[in-house]
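Asker: Input: one structure, supplied below.
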Amino acid sequence: INAEYMGVIVKGADVPNLKVGVEYRREAVSASVNTEVGKEASSADGALVAGFDGFSVGGQAKYCTQHGVTDYNFGAEYSQAEYALTLKTEAKAEKLVASYWHNVPTSRNKLKTQIGGQVAWNLENGNKTFTVGT
């Protein structure tokens with residue numbers, strides 16, 4: 001592994017607490033792992049994204065020694081210069097979110113306008129939210 005693509009962060013605090021993070025980035029893949037060791041509990045979270053030619057897929061998870069797995073989610077996105085289409089989960093995959101953003105070209109290319117919309121569906125209670133904006 002080339003050190004040019006990897007970073008390591010270590011932090012300490014006044015209380016017995018230590019944070020360590022490792023990040024790896026290349027053109028087609030990015031991964032990170034962070035841990036926090038404390039007196040009462042320890043936790044870890046990680047994320048991985050891989051992509052090629054405008055299409056990306058990834059996931060992330062969080063774990064705590066006191067509560068077990070506290071969160072996990074997955075996502076996919078297809079993007080080009082003019083638009084992005086995303087499908088992802090939130091809150092332990094209990095919410096499904098789909099969004100579309102479009103860059104509207106202007107005649108003089110001075111002002112850039114973005115329009116978009118998002119639909120969020122809570123799979124636990126069936127609530128749906130639709131949002132549009134510029």
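Within each chain, counting starts at residue 1; across the structure tokens, chains are named A, B, ... in the order shown, with ligands numbered 1 upward in that order.
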For segment 97-106 of chain A, work out the shell of residues within 12 Å, counting only C-alpha atoms and skipping chain neighbours fewer than 3 positions away, then give it as a PyMOL selection string.
Answerer: chain A and resi 73-91+93-94+109-123+127-134
Asker: Show me, as a PyMOL selection string, the residues that have an atom within 6 Å of Thr35 of chain A when counting only C-alpha atoms, minus same-chain residues fewer than 4 positions from it.
Answerer: chain A and resi 19-20+43-44
Asker: Find the residues near segment 60-69 of chain A: any atom within 10 Å, counting only C-alpha atoms, skip ones fewer than 3 places away on the same chain, and give them as a ChimeraX atom specification.
Answerer: /A:31-37,40-49,72-75,92
Asker: Considering only strand (DSSP E) as DSSP defines it on the backbone, what residues of segment 1-132 of chain A qualify? List them as a tab-separated table (two decimals) with C-alpha atoms, in the first residue's frame.
Answerer:
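Now in selection-v2.tsv:
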```tsv
chain	number	residue	atom	x	y	z
A	6	MET	CA	-3.45	6.54	3.15
A	7	GLY	CA	-3.87	8.77	6.17
A	8	VAL	CA	-3.81	7.99	9.89
A	9	ILE	CA	-5.17	10.29	12.62
A	10	VAL	CA	-4.62	9.71	16.35
A	11	LYS	CA	-6.24	11.98	18.97
A	12	GLY	CA	-6.27	11.92	22.76
A	17	ASN	CA	-10.17	8.50	25.61
A	18	LEU	CA	-8.31	7.68	22.39
A	19	LYS	CA	-9.46	8.16	18.80
A	20	VAL	CA	-7.77	6.53	15.83
A	21	GLY	CA	-8.80	6.88	12.20
A	22	VAL	CA	-7.43	5.33	9.04
A	23	GLU	CA	-8.43	6.49	5.58
A	24	TYR	CA	-7.50	5.08	2.18
A	25	ARG	CA	-8.34	6.86	-1.10
A	29	VAL	CA	-12.24	3.31	-4.14
A	30	SER	CA	-12.31	5.01	-0.77
A	31	ALA	CA	-12.39	3.37	2.64
A	32	SER	CA	-12.23	4.63	6.21
A	33	VAL	CA	-12.23	3.09	9.68
A	34	ASN	CA	-12.48	5.11	12.89
A	35	THR	CA	-12.30	3.80	16.43
A	36	GLU	CA	-12.82	5.46	19.77
A	37	VAL	CA	-11.70	3.78	22.96
A	38	GLY	CA	-13.14	5.20	26.17
A	42	SER	CA	-15.59	1.78	22.75
A	43	SER	CA	-16.93	2.25	19.23
A	44	ALA	CA	-15.91	1.74	15.64
A	45	ASP	CA	-17.32	2.89	12.33
A	46	GLY	CA	-16.31	2.15	8.81
A	47	ALA	CA	-17.25	3.10	5.28
A	48	LEU	CA	-16.40	1.80	1.84
A	49	VAL	CA	-17.24	3.32	-1.57
A	50	ALA	CA	-16.27	2.00	-4.97
A	51	GLY	CA	-17.02	3.67	-8.25
A	52	PHE	CA	-16.35	3.65	-11.95
A	55	PHE	CA	-21.53	4.91	-10.96
A	56	SER	CA	-20.72	4.48	-7.24
A	57	VAL	CA	-21.87	2.03	-4.57
A	58	GLY	CA	-21.02	1.99	-0.91
A	59	GLY	CA	-21.98	1.32	2.63
A	60	GLN	CA	-21.18	2.27	6.19
A	61	ALA	CA	-21.68	0.76	9.63
A	62	LYS	CA	-21.23	1.78	13.27
A	63	TYR	CA	-20.63	-0.50	16.25
A	64	CYS	CA	-20.55	0.24	20.01
A	68	GLY	CA	-23.89	-3.44	19.46
A	69	VAL	CA	-24.50	-2.35	15.89
A	70	THR	CA	-25.92	1.17	16.13
A	71	ASP	CA	-26.24	2.06	12.44
A	72	TYR	CA	-25.70	0.67	8.94
A	73	ASN	CA	-26.62	1.98	5.53
A	74	PHE	CA	-26.03	1.40	1.83
A	75	GLY	CA	-26.22	3.56	-1.24
A	76	ALA	CA	-25.73	3.86	-4.97
A	77	GLU	CA	-25.35	6.89	-7.21
A	78	TYR	CA	-25.05	7.59	-10.90
A	79	SER	CA	-23.77	11.06	-11.76
A	83	TYR	CA	-27.19	15.43	-13.10
A	84	ALA	CA	-26.97	12.98	-10.20
A	85	LEU	CA	-29.39	10.19	-9.30
A	86	THR	CA	-29.00	8.70	-5.82
A	87	LEU	CA	-30.64	5.84	-3.93
A	88	LYS	CA	-29.57	5.31	-0.31
A	89	THR	CA	-30.75	4.11	3.07
A	90	GLU	CA	-30.68	5.93	6.41
A	95	LYS	CA	-35.54	4.83	5.57
A	96	LEU	CA	-35.11	4.68	1.80
A	97	VAL	CA	-34.17	7.96	0.09
A	98	ALA	CA	-34.13	8.61	-3.65
A	99	SER	CA	-32.99	11.94	-5.07
A	100	TYR	CA	-32.34	13.58	-8.41
A	101	TRP	CA	-30.38	16.80	-8.99
A	102	HIS	CA	-30.02	18.51	-12.33
A	103	ASN	CA	-27.72	21.38	-13.30
A	104	VAL	CA	-29.67	23.62	-15.66
A	113	THR	CA	-29.04	26.80	-11.43
A	114	GLN	CA	-29.72	23.46	-9.81
A	115	ILE	CA	-33.11	21.89	-9.45
A	116	GLY	CA	-33.81	18.70	-7.61
A	117	GLY	CA	-36.17	16.50	-5.77
A	118	GLN	CA	-36.05	13.90	-3.05
A	119	VAL	CA	-38.43	11.21	-1.87
A	120	ALA	CA	-37.89	9.69	1.58
A	121	TRP	CA	-39.85	6.60	2.61
A	122	ASN	CA	-39.79	5.42	6.21
A	128	LYS	CA	-43.29	9.42	2.91
A	129	THR	CA	-41.78	12.86	2.38
A	130	PHE	CA	-41.39	14.57	-0.99
A	131	THR	CA	-39.10	17.57	-1.29
A	132	VAL	CA	-38.29	19.77	-4.30
```
